>>> print(open('data.cif').read())   # mmCIF, C-alpha atoms
data_protein
loop_
_atom_site.label_atom_id
_atom_site.label_comp_id
_atom_site.auth_asym_id
_atom_site.auth_seq_id
_atom_site.Cartn_x
_atom_site.Cartn_y
_atom_site.Cartn_z
CA MET B 1 -30.29 18.38 80.15
CA SER B 2 -28.61 21.75 79.88
CA ILE B 3 -31.05 24.61 79.71
CA ASP B 4 -29.58 28.08 79.88
CA PRO B 5 -30.90 29.85 83.01
CA GLU B 6 -31.17 33.06 80.96
CA LEU B 7 -33.67 31.27 78.76
CA LEU B 8 -35.91 30.32 81.65
CA LYS B 9 -36.18 34.00 82.56
CA ILE B 10 -38.12 34.83 79.40
CA LEU B 11 -39.87 31.48 78.84
CA ALA B 12 -43.50 31.46 79.92
CA CYS B 13 -46.41 29.07 79.66
CA PRO B 14 -47.85 29.46 76.14
CA LEU B 15 -51.35 29.02 77.54
CA ASP B 16 -51.57 31.41 80.49
CA LYS B 17 -48.20 33.21 80.13
CA ALA B 18 -47.33 32.49 83.78
CA PRO B 19 -43.66 31.93 84.74
CA VAL B 20 -42.24 28.44 84.28
CA GLU B 21 -39.62 26.50 86.21
CA LEU B 22 -37.32 23.63 85.36
CA ARG B 23 -38.26 20.40 87.14
CA GLY B 24 -36.07 17.52 86.15
CA ASP B 25 -36.35 17.18 82.38
CA ARG B 26 -39.53 19.21 82.10
CA ILE B 27 -40.50 22.85 82.05
CA VAL B 28 -43.46 23.30 84.36
CA CYS B 29 -45.94 26.19 84.50
CA THR B 30 -46.11 27.63 88.01
CA GLN B 31 -49.82 28.41 87.56
CA CYS B 32 -51.55 25.66 85.53
CA HIS B 33 -48.77 23.10 86.21
CA ARG B 34 -48.70 21.86 82.62
CA ALA B 35 -45.36 20.16 82.00
CA TYR B 36 -43.57 20.81 78.71
CA PRO B 37 -40.99 18.25 77.58
CA ILE B 38 -37.42 19.02 76.57
CA ARG B 39 -36.32 16.92 73.59
CA ASP B 40 -32.67 16.89 72.52
CA GLY B 41 -32.19 20.03 74.58
CA ILE B 42 -35.00 21.91 72.80
CA PRO B 43 -38.01 23.01 74.87
CA VAL B 44 -41.24 21.79 73.27
CA MET B 45 -43.56 24.62 74.27
CA LEU B 46 -46.66 23.34 72.47
CA ILE B 47 -49.87 23.30 74.51
CA ASP B 48 -50.98 20.07 72.78
CA GLU B 49 -47.80 18.27 73.81
CA ALA B 50 -47.87 19.31 77.46
CA GLU B 51 -48.61 16.83 80.20
CA LEU B 52 -51.51 17.84 82.37
CA PRO B 53 -51.09 17.64 86.14
CA VAL B 54 -52.65 14.53 87.67
CA MET P 1 -48.99 23.40 54.74
CA THR P 2 -46.56 20.93 56.22
CA PHE P 3 -42.84 21.44 55.79
CA PHE P 4 -41.25 18.20 56.81
CA ASP P 5 -38.19 17.88 54.63
CA ALA P 6 -35.87 20.73 55.59
CA ALA P 7 -33.21 19.94 52.99
CA ALA P 8 -35.72 19.73 50.13
CA TYR P 9 -37.31 22.99 51.24
CA GLU P 10 -33.89 24.65 51.19
CA ARG P 11 -33.35 23.64 47.58
CA PHE P 12 -36.81 24.77 46.44
CA MET P 13 -37.52 28.02 48.32
CA GLY P 14 -35.07 28.36 51.20
CA ARG P 15 -32.26 29.61 49.01
CA TRP P 16 -34.47 32.52 47.93
CA SER P 17 -35.83 33.36 51.37
CA ARG P 18 -32.18 33.48 52.50
CA ARG P 19 -31.61 36.35 50.05
CA LEU P 20 -34.60 38.18 51.43
CA ALA P 21 -33.32 37.95 55.02
CA PRO P 22 -30.76 40.81 54.89
CA LEU P 23 -33.30 43.08 53.20
CA LEU P 24 -35.89 42.46 55.92
CA ILE P 25 -33.28 42.95 58.66
CA ASP P 26 -32.24 46.32 57.21
CA PHE P 27 -35.83 47.43 56.72
CA ALA P 28 -36.71 46.39 60.27
CA GLY P 29 -33.82 48.48 61.58
CA VAL P 30 -32.46 45.79 63.90
CA ARG P 31 -29.95 47.43 66.24
CA GLU P 32 -26.73 46.29 67.87
CA GLY P 33 -27.45 44.65 71.20
CA ASP P 34 -31.05 43.83 70.36
CA ARG P 35 -32.66 40.65 71.54
CA VAL P 36 -34.58 39.48 68.48
CA LEU P 37 -37.41 36.96 68.18
CA ASP P 38 -37.47 35.07 64.87
CA VAL P 39 -41.05 33.80 64.55
CA GLY P 40 -41.35 30.77 62.27
CA SER P 41 -37.57 30.43 62.16
CA GLY P 42 -37.76 27.52 59.70
CA THR P 43 -34.35 26.40 58.48
CA GLY P 44 -32.69 29.31 60.33
CA SER P 45 -31.77 31.69 57.50
CA LEU P 46 -32.94 34.83 59.27
CA ALA P 47 -31.27 33.91 62.56
CA LEU P 48 -28.00 33.15 60.75
CA GLU P 49 -28.05 36.40 58.81
CA LEU P 50 -28.86 38.39 61.95
CA THR P 51 -25.95 36.97 63.91
CA ALA P 52 -23.55 37.18 60.96
CA THR P 53 -24.05 40.91 60.52
CA ARG P 54 -24.87 42.27 63.97
CA ARG P 55 -24.06 41.76 67.62
CA VAL P 56 -27.51 40.53 68.56
CA GLU P 57 -29.05 37.71 70.53
CA VAL P 58 -31.65 35.69 68.65
CA VAL P 59 -34.39 33.33 69.78
CA GLY P 60 -35.99 31.31 67.00
CA ILE P 61 -39.32 29.57 67.37
CA ASP P 62 -40.97 27.12 64.99
CA PRO P 63 -43.54 24.33 65.39
CA SER P 64 -41.47 21.88 63.31
CA ALA P 65 -38.91 19.82 65.23
CA ALA P 66 -37.25 18.84 61.92
CA PHE P 67 -36.72 22.48 60.91
CA ILE P 68 -35.51 23.42 64.39
CA GLU P 69 -32.94 20.61 64.26
CA HIS P 70 -31.74 21.77 60.82
CA ALA P 71 -31.55 25.39 62.00
CA ARG P 72 -29.74 24.49 65.22
CA THR P 73 -27.08 22.60 63.31
CA ARG P 74 -26.52 25.54 60.97
CA ALA P 75 -26.41 28.02 63.86
CA ALA P 76 -23.97 26.09 66.07
CA GLY P 77 -21.65 28.49 67.90
CA ARG P 78 -23.84 31.54 67.23
CA PRO P 79 -25.77 33.51 69.87
CA VAL P 80 -29.00 31.85 68.76
CA ARG P 81 -31.27 29.45 70.55
CA PHE P 82 -34.41 27.72 69.40
CA ASP P 83 -37.70 26.63 70.92
CA ILE P 84 -40.45 24.50 69.46
CA GLY P 85 -43.66 26.47 69.72
CA ASP P 86 -46.65 28.10 68.08
CA ALA P 87 -46.64 31.70 66.83
CA GLN P 88 -50.25 32.01 67.99
CA ALA P 89 -49.34 31.11 71.59
CA LEU P 90 -45.78 32.33 72.13
CA PRO P 91 -44.10 30.85 75.22
CA TYR P 92 -42.46 34.09 76.36
CA GLU P 93 -43.17 36.68 79.00
CA ASP P 94 -44.46 40.10 77.99
CA ALA P 95 -41.87 42.56 76.64
CA SER P 96 -39.09 39.95 76.34
CA PHE P 97 -37.71 41.19 72.99
CA ASP P 98 -36.56 44.45 71.39
CA THR P 99 -37.56 43.31 67.90
CA SER P 100 -39.78 40.54 66.54
CA LEU P 101 -39.51 39.41 62.93
CA ALA P 102 -41.47 36.99 60.73
CA LEU P 103 -39.91 36.18 57.36
CA LEU P 104 -42.31 34.50 54.90
CA VAL P 105 -44.38 32.84 57.60
CA ILE P 106 -47.57 34.89 58.04
CA ASN P 107 -49.41 32.88 55.35
CA HIS P 108 -48.56 29.60 57.06
CA ILE P 109 -50.11 30.58 60.40
CA PRO P 110 -53.79 29.61 60.75
CA ASP P 111 -54.66 32.81 62.64
CA PRO P 112 -52.23 35.58 61.62
CA ARG P 113 -54.05 38.15 63.80
CA LYS P 114 -53.38 36.07 66.87
CA ALA P 115 -49.72 35.77 65.85
CA ALA P 116 -49.37 39.53 65.30
CA SER P 117 -50.98 40.17 68.66
CA GLU P 118 -48.59 37.72 70.32
CA MET P 119 -45.58 39.33 68.60
CA ARG P 120 -46.75 42.68 69.96
CA ARG P 121 -47.17 41.24 73.45
CA VAL P 122 -43.68 39.78 73.69
CA THR P 123 -42.01 42.89 72.24
CA ARG P 124 -41.10 45.70 74.62
CA ARG P 125 -42.78 49.11 74.52
CA GLY P 126 -41.47 51.14 71.63
CA GLY P 127 -40.01 47.99 70.08
CA ARG P 128 -40.12 47.06 66.43
CA ILE P 129 -42.13 44.33 64.67
CA ALA P 130 -41.59 43.51 61.01
CA ALA P 131 -42.66 40.84 58.54
CA ALA P 132 -42.48 39.99 54.85
CA VAL P 133 -44.60 37.88 52.49
CA TRP P 134 -44.06 36.95 48.85
CA ASP P 135 -46.11 38.88 46.31
CA TYR P 136 -47.56 35.61 45.02
CA GLY P 137 -50.08 37.21 42.65
CA GLU P 138 -47.60 39.33 40.73
CA GLY P 139 -44.01 40.14 41.62
CA MET P 140 -42.98 36.66 42.79
CA THR P 141 -42.41 35.83 39.14
CA MET P 142 -41.57 32.13 39.41
CA LEU P 143 -44.64 31.11 41.41
CA ARG P 144 -46.95 33.56 39.64
CA ALA P 145 -45.87 32.19 36.23
CA PHE P 146 -46.11 28.60 37.45
CA TRP P 147 -49.73 29.00 38.59
CA ASP P 148 -50.73 31.12 35.60
CA ALA P 149 -49.46 28.29 33.39
CA ALA P 150 -51.20 25.64 35.48
CA VAL P 151 -54.54 27.47 35.41
CA ALA P 152 -54.30 28.17 31.67
CA LEU P 153 -54.11 24.41 31.07
CA ASP P 154 -56.40 23.35 33.89
CA PRO P 155 -58.94 25.97 35.10
CA ALA P 156 -59.80 23.64 38.00
CA ALA P 157 -56.36 24.47 39.45
CA GLU P 158 -57.46 28.07 40.07
CA PRO P 159 -58.18 27.63 43.80
CA ARG P 160 -54.63 26.35 44.23
CA HIS P 161 -53.08 29.48 42.68
CA GLU P 162 -50.94 30.99 45.41
CA ARG P 163 -52.31 34.45 44.59
CA HIS P 164 -55.18 33.37 46.86
CA MET P 165 -52.82 33.40 49.85
CA PRO P 166 -54.43 35.70 52.44
CA TYR P 167 -51.41 38.00 52.64
CA CYS P 168 -49.65 38.66 49.33
CA ARG P 169 -50.77 42.08 48.09
CA ARG P 170 -49.74 45.61 48.85
CA ASN P 171 -51.28 47.02 52.06
CA GLN P 172 -52.48 43.69 53.47
CA LEU P 173 -49.66 43.46 56.02
CA SER P 174 -50.08 47.15 56.88
CA THR P 175 -53.74 46.51 57.62
CA LEU P 176 -52.85 43.56 59.84
CA TRP P 177 -50.28 45.67 61.69
CA ALA P 178 -52.81 48.50 62.17
CA GLU P 179 -55.43 46.05 63.45
CA SER P 180 -52.83 44.80 65.92
CA GLY P 181 -52.40 48.27 67.39
CA LEU P 182 -48.92 48.90 66.00
CA GLN P 183 -47.82 52.44 65.20
CA GLU P 184 -45.62 54.32 62.69
CA ILE P 185 -46.42 51.58 60.16
CA GLU P 186 -44.47 51.55 56.92
CA GLU P 187 -44.59 49.12 54.04
CA THR P 188 -42.15 48.57 51.21
CA ALA P 189 -41.36 46.18 48.36
CA LEU P 190 -38.27 44.00 48.75
CA VAL P 191 -36.95 42.57 45.49
CA ILE P 192 -34.35 39.86 45.00
CA PRO P 193 -33.04 38.37 41.75
CA MET P 194 -33.48 34.66 41.10
CA GLU P 195 -30.95 33.20 38.71
CA PHE P 196 -31.10 29.75 37.14
CA ALA P 197 -28.47 28.11 34.93
CA SER P 198 -31.26 26.97 32.60
CA PHE P 199 -35.03 26.50 32.46
CA ASP P 200 -34.54 22.95 33.68
CA ALA P 201 -32.79 24.20 36.79
CA LEU P 202 -35.91 26.25 37.56
CA TRP P 203 -38.27 23.37 36.76
CA ALA P 204 -36.47 20.54 38.56
CA PRO P 205 -37.48 21.52 42.13
CA PHE P 206 -41.17 21.44 41.13
CA LEU P 207 -40.68 17.72 40.45
CA LYS P 208 -39.68 17.10 44.07
CA GLY P 209 -43.16 17.58 45.52
CA GLN P 210 -42.16 20.66 47.50
CA GLY P 211 -44.74 23.29 48.41
CA PRO P 212 -48.18 23.71 46.81
CA GLY P 213 -46.64 23.82 43.30
CA GLY P 214 -44.71 20.62 43.77
CA ALA P 215 -47.77 18.90 45.21
CA TYR P 216 -49.76 19.95 42.17
CA VAL P 217 -47.11 18.68 39.73
CA ALA P 218 -47.02 15.36 41.58
CA SER P 219 -50.78 15.01 41.01
CA LEU P 220 -50.45 15.28 37.19
CA THR P 221 -50.11 12.53 34.60
CA PRO P 222 -46.76 12.54 32.75
CA ASP P 223 -48.43 14.09 29.66
CA ARG P 224 -49.99 16.93 31.58
CA ARG P 225 -46.79 17.45 33.51
CA GLN P 226 -44.93 17.85 30.23
CA ALA P 227 -47.59 20.27 28.93
CA LEU P 228 -47.26 22.36 32.08
CA ARG P 229 -43.51 22.41 31.72
CA GLU P 230 -43.82 23.76 28.16
CA ARG P 231 -46.45 26.31 29.15
CA LEU P 232 -44.31 27.59 32.01
CA ARG P 233 -41.38 27.87 29.63
CA GLN P 234 -43.55 30.12 27.43
CA GLU P 235 -44.80 32.15 30.41
CA LEU P 236 -41.21 32.89 31.32
CA SER P 237 -40.26 33.51 27.68
CA ALA P 238 -37.51 30.97 28.13
CA GLY P 239 -36.36 29.85 24.70
CA ASP P 240 -35.59 26.31 23.62
CA SER P 241 -31.87 26.81 24.06
CA ASP P 242 -30.28 26.19 27.42
CA GLN P 243 -29.95 29.83 28.34
CA PRO P 244 -29.60 31.07 31.92
CA ILE P 245 -32.77 32.65 33.36
CA ARG P 246 -32.91 35.69 35.60
CA ILE P 247 -36.23 36.74 37.10
CA ASP P 248 -37.19 38.96 40.02
CA ALA P 249 -39.00 37.92 43.15
CA ARG P 250 -40.84 40.63 45.04
CA ALA P 251 -42.01 40.51 48.63
CA TRP P 252 -44.03 43.03 50.62
CA ALA P 253 -42.54 43.98 53.95
CA VAL P 254 -44.10 45.88 56.83
CA ARG P 255 -42.67 47.39 59.97
CA GLY P 256 -44.36 49.01 62.93
CA ASN P 257 -43.63 49.99 66.50
CA THR P 258 -45.35 48.86 69.64
CA PRO P 259 -46.90 51.77 71.55
CA GLN P 260 -44.59 53.58 73.98
CA ARG P 261 -47.15 53.18 76.78
#
>>> encode(input="data.cif", output="structure tokens")
Amino acid sequence: MSIDPELLKILACPLDKAPVELRGDRIVCTQCHRAYPIRDGIPVMLIDEAELPV
Amino acid sequence: MTFFDAAAYERFMGRWSRRLAPLLIDFAGVREGDRVLDVGSGTGSLALELTATRRVEVVGIDPSAAFIEHARTRAAGRPVRFDIGDAQALPYEDASFDTSLALLVINHIPDPRKAASEMRRVTRRGGRIAAAVWDYGEGMTMLRAFWDAAVALDPAAEPRHERHMPYCRRNQLSTLWAESGLQEIEETALVIPMEFASFDALWAPFLKGQGPGGAYVASLTPDRRQALRERLRQELSAGDSDQPIRIDARAWAVRGNTPQR
């Protein structure tokens, strides 16, 4: 899954606007730990589609 | 409103919004080297026009995966990338962009104030934010005439008339921009010509179920559909002969700057 590192610099959690980091095939909020999926190389940054931390 | 069929949307309205894109870009004053956010990027017309005419970097965001896929295909090889996301909860850090634009999307966002506030947040200090909406009640001739014809035949269609869109009149976008704390606000009319080879070429897309107009046509019996077709022909003063039609479509555009500090 190729995600441009430049992109991660400006991406933030849509809920709390905290920085995010790439973990495997997900983009994870460093604050609330919601995990946003990447589908076909496109980040799906919708709060409703995020996985909540268990 | 749900836009699920990107190709059908292109044939109905996308080809006209594409003509509006360069006018909005010029009015917004997008500069060389800018990083631009395209909010509600849809089928990608604004992002394509931006990168075709300027050395800019564009990020497009839209909630529809189908539209993003269509836009990404069109924009292959350009300095454009796309995210799936919500204009009311933008997934970007503060001050990430020089310019944020929204072409014909404000009326499709449930809470436009939240979207304007988010556009302000992700735009740097002293950056530019601009948007445009169709003048549904008047200068967007095709849709205005369509709904005037529909309501003349069926007064119950009145609530569906797109002139009831929350943002479609002069000064409405300026008010939204002022409420969002933007400065040096200016509004203008952007006008594009719409040409059709014949009245039927104008009418045909309404039969495809696209947009509120197409949905309304799909709800009619064949007789009433035919009556609406004839009424619209009269509204547009399109004669019986197969003459080309040229009408104007007007949009209102606003621009404003984020505060310097």
>>> resolve_selection(input="data.cif", expression="the PyMOL selection byres ((chain B) within 9 of (chain P))", output="list in words")
Leu7, Lys9, Ile10, Leu11, Ala12, Cys13, Pro14, Leu15, Lys17, Ala18, Pro19, Ile42, Pro43, Val44, Met45, Leu46 and Ile47 of chain B
>>> resolve_selection(input="data.cif", expression="the PyMOL selection byres ((chain B and resi 53) around 7)", output="mmCIF file with C-alpha atoms, in the coordinates of the input")
data_model
loop_
_atom_site.group_PDB
_atom_site.id
_atom_site.type_symbol
_atom_site.label_atom_id
_atom_site.label_comp_id
_atom_site.auth_asym_id
_atom_site.auth_seq_id
_atom_site.Cartn_x
_atom_site.Cartn_y
_atom_site.Cartn_z
ATOM 1 C CA HIS B 33 -48.770 23.100 86.210
ATOM 2 C CA ARG B 34 -48.700 21.860 82.620
ATOM 3 C CA GLU B 51 -48.610 16.830 80.200
ATOM 4 C CA LEU B 52 -51.510 17.840 82.370
ATOM 5 C CA VAL B 54 -52.650 14.530 87.670
#
>>> atom_distance(input="data.cif", atom1="CA of Thr43 in chain P", atom2="CA of Val28 in chain B")
27.6 Å
>>> residues_around(input="data.cif", residues="Ile25 in chain P", least_positions_apart="3", cutoff="10 Å", atoms="all atoms listed in the file", output="ChimeraX atom specification")
/P:20-22,28-31,46,49-50,53-54,101,103,130-131
>>> residues_near_point(input="data.cif", point="(-35.6, 20.0, 76.8)", cutoff="9 Å", atoms="all atoms listed in the file", output="list in words")
Met1, Ser2, Ile3, Asp25, Arg26, Ile27, Tyr36, Pro37, Ile38, Arg39, Asp40, Gly41, Ile42, Pro43 and Val44 of chain B
>>> build_atoms(input="data.cif", residues="range 3-37 of chain B", atoms="N, CA and C atoms", output="PDB file, in the coordinates of the input")
ATOM      1  N   ILE B   3     -30.217  23.506  80.153  1.00  0.00           N
ATOM      2  CA  ILE B   3     -31.050  24.610  79.710  1.00  0.00           C
ATOM      3  C   ILE B   3     -30.480  25.882  80.323  1.00  0.00           C
ATOM      4  N   ASP B   4     -30.156  26.822  79.465  1.00  0.00           N
ATOM      5  CA  ASP B   4     -29.580  28.080  79.880  1.00  0.00           C
ATOM      6  C   ASP B   4     -30.520  28.795  80.861  1.00  0.00           C
ATOM      7  N   PRO B   5     -30.025  29.161  82.057  1.00  0.00           N
ATOM      8  CA  PRO B   5     -30.900  29.850  83.010  1.00  0.00           C
ATOM      9  C   PRO B   5     -31.467  31.168  82.447  1.00  0.00           C
ATOM     10  N   GLU B   6     -30.695  31.826  81.587  1.00  0.00           N
ATOM     11  CA  GLU B   6     -31.170  33.060  80.960  1.00  0.00           C
ATOM     12  C   GLU B   6     -32.456  32.819  80.179  1.00  0.00           C
ATOM     13  N   LEU B   7     -32.510  31.621  79.576  1.00  0.00           N
ATOM     14  CA  LEU B   7     -33.670  31.270  78.760  1.00  0.00           C
ATOM     15  C   LEU B   7     -34.921  31.120  79.616  1.00  0.00           C
ATOM     16  N   LEU B   8     -34.753  30.529  80.773  1.00  0.00           N
ATOM     17  CA  LEU B   8     -35.910  30.320  81.650  1.00  0.00           C
ATOM     18  C   LEU B   8     -36.521  31.648  82.093  1.00  0.00           C
ATOM     19  N   LYS B   9     -35.680  32.692  82.134  1.00  0.00           N
ATOM     20  CA  LYS B   9     -36.180  34.000  82.560  1.00  0.00           C
ATOM     21  C   LYS B   9     -37.260  34.528  81.616  1.00  0.00           C
ATOM     22  N   ILE B  10     -37.112  34.288  80.320  1.00  0.00           N
ATOM     23  CA  ILE B  10     -38.120  34.830  79.400  1.00  0.00           C
ATOM     24  C   ILE B  10     -39.156  33.788  78.992  1.00  0.00           C
ATOM     25  N   LEU B  11     -38.869  32.499  79.196  1.00  0.00           N
ATOM     26  CA  LEU B  11     -39.870  31.480  78.840  1.00  0.00           C
ATOM     27  C   LEU B  11     -41.085  31.623  79.753  1.00  0.00           C
ATOM     28  N   ALA B  12     -42.261  31.411  79.160  1.00  0.00           N
ATOM     29  CA  ALA B  12     -43.500  31.460  79.920  1.00  0.00           C
ATOM     30  C   ALA B  12     -44.411  30.368  79.381  1.00  0.00           C
ATOM     31  N   CYS B  13     -45.448  30.061  80.134  1.00  0.00           N
ATOM     32  CA  CYS B  13     -46.410  29.070  79.660  1.00  0.00           C
ATOM     33  C   CYS B  13     -47.140  29.650  78.441  1.00  0.00           C
ATOM     34  N   PRO B  14     -47.186  28.918  77.320  1.00  0.00           N
ATOM     35  CA  PRO B  14     -47.850  29.460  76.140  1.00  0.00           C
ATOM     36  C   PRO B  14     -49.354  29.639  76.335  1.00  0.00           C
ATOM     37  N   LEU B  15     -49.905  28.947  77.314  1.00  0.00           N
ATOM     38  CA  LEU B  15     -51.350  29.020  77.540  1.00  0.00           C
ATOM     39  C   LEU B  15     -51.725  30.230  78.398  1.00  0.00           C
ATOM     40  N   ASP B  16     -51.144  30.322  79.588  1.00  0.00           N
ATOM     41  CA  ASP B  16     -51.570  31.410  80.490  1.00  0.00           C
ATOM     42  C   ASP B  16     -50.477  32.444  80.718  1.00  0.00           C
ATOM     43  N   LYS B  17     -49.313  32.270  80.085  1.00  0.00           N
ATOM     44  CA  LYS B  17     -48.200  33.210  80.130  1.00  0.00           C
ATOM     45  C   LYS B  17     -47.581  33.363  81.523  1.00  0.00           C
ATOM     46  N   ALA B  18     -47.910  32.438  82.430  1.00  0.00           N
ATOM     47  CA  ALA B  18     -47.330  32.490  83.780  1.00  0.00           C
ATOM     48  C   ALA B  18     -45.864  32.014  83.720  1.00  0.00           C
ATOM     49  N   PRO B  19     -45.059  32.384  84.715  1.00  0.00           N
ATOM     50  CA  PRO B  19     -43.660  31.930  84.740  1.00  0.00           C
ATOM     51  C   PRO B  19     -43.583  30.394  84.779  1.00  0.00           C
ATOM     52  N   VAL B  20     -42.471  29.882  84.279  1.00  0.00           N
ATOM     53  CA  VAL B  20     -42.240  28.440  84.280  1.00  0.00           C
ATOM     54  C   VAL B  20     -40.989  28.141  85.083  1.00  0.00           C
ATOM     55  N   GLU B  21     -40.860  26.892  85.536  1.00  0.00           N
ATOM     56  CA  GLU B  21     -39.620  26.500  86.210  1.00  0.00           C
ATOM     57  C   GLU B  21     -39.195  25.128  85.717  1.00  0.00           C
ATOM     58  N   LEU B  22     -37.876  24.907  85.804  1.00  0.00           N
ATOM     59  CA  LEU B  22     -37.320  23.630  85.360  1.00  0.00           C
ATOM     60  C   LEU B  22     -37.485  22.616  86.483  1.00  0.00           C
ATOM     61  N   ARG B  23     -38.137  21.487  86.167  1.00  0.00           N
ATOM     62  CA  ARG B  23     -38.260  20.400  87.140  1.00  0.00           C
ATOM     63  C   ARG B  23     -37.825  19.122  86.465  1.00  0.00           C
ATOM     64  N   GLY B  24     -36.615  18.697  86.808  1.00  0.00           N
ATOM     65  CA  GLY B  24     -36.070  17.520  86.150  1.00  0.00           C
ATOM     66  C   GLY B  24     -35.882  17.804  84.670  1.00  0.00           C
ATOM     67  N   ASP B  25     -36.493  16.968  83.817  1.00  0.00           N
ATOM     68  CA  ASP B  25     -36.350  17.180  82.380  1.00  0.00           C
ATOM     69  C   ASP B  25     -37.599  17.821  81.775  1.00  0.00           C
ATOM     70  N   ARG B  26     -38.326  18.559  82.612  1.00  0.00           N
ATOM     71  CA  ARG B  26     -39.530  19.210  82.100  1.00  0.00           C
ATOM     72  C   ARG B  26     -39.544  20.682  82.496  1.00  0.00           C
ATOM     73  N   ILE B  27     -40.270  21.445  81.730  1.00  0.00           N
ATOM     74  CA  ILE B  27     -40.500  22.850  82.050  1.00  0.00           C
ATOM     75  C   ILE B  27     -41.946  22.956  82.504  1.00  0.00           C
ATOM     76  N   VAL B  28     -42.138  23.378  83.752  1.00  0.00           N
ATOM     77  CA  VAL B  28     -43.460  23.300  84.360  1.00  0.00           C
ATOM     78  C   VAL B  28     -44.012  24.707  84.641  1.00  0.00           C
ATOM     79  N   CYS B  29     -45.269  24.907  84.260  1.00  0.00           N
ATOM     80  CA  CYS B  29     -45.940  26.190  84.500  1.00  0.00           C
ATOM     81  C   CYS B  29     -46.261  26.312  85.990  1.00  0.00           C
ATOM     82  N   THR B  30     -45.893  27.444  86.577  1.00  0.00           N
ATOM     83  CA  THR B  30     -46.110  27.630  88.010  1.00  0.00           C
ATOM     84  C   THR B  30     -47.578  27.903  88.327  1.00  0.00           C
ATOM     85  N   GLN B  31     -48.398  28.136  87.308  1.00  0.00           N
ATOM     86  CA  GLN B  31     -49.820  28.410  87.560  1.00  0.00           C
ATOM     87  C   GLN B  31     -50.697  27.210  87.222  1.00  0.00           C
ATOM     88  N   CYS B  32     -50.669  26.767  85.928  1.00  0.00           N
ATOM     89  CA  CYS B  32     -51.550  25.660  85.530  1.00  0.00           C
ATOM     90  C   CYS B  32     -50.871  24.296  85.686  1.00  0.00           C
ATOM     91  N   HIS B  33     -49.563  24.317  85.967  1.00  0.00           N
ATOM     92  CA  HIS B  33     -48.770  23.100  86.210  1.00  0.00           C
ATOM     93  C   HIS B  33     -48.664  22.166  85.005  1.00  0.00           C
ATOM     94  N   ARG B  34     -48.990  22.669  83.817  1.00  0.00           N
ATOM     95  CA  ARG B  34     -48.700  21.860  82.620  1.00  0.00           C
ATOM     96  C   ARG B  34     -47.192  21.672  82.541  1.00  0.00           C
ATOM     97  N   ALA B  35     -46.782  20.462  82.108  1.00  0.00           N
ATOM     98  CA  ALA B  35     -45.360  20.160  82.000  1.00  0.00           C
ATOM     99  C   ALA B  35     -44.978  20.010  80.533  1.00  0.00           C
ATOM    100  N   TYR B  36     -44.023  20.829  80.102  1.00  0.00           N
ATOM    101  CA  TYR B  36     -43.570  20.810  78.710  1.00  0.00           C
ATOM    102  C   TYR B  36     -42.272  20.021  78.615  1.00  0.00           C
ATOM    103  N   PRO B  37     -42.204  19.079  77.670  1.00  0.00           N
ATOM    104  CA  PRO B  37     -40.990  18.250  77.580  1.00  0.00           C
ATOM    105  C   PRO B  37     -39.816  19.009  76.960  1.00  0.00           C
TER     106      PRO B  37
END
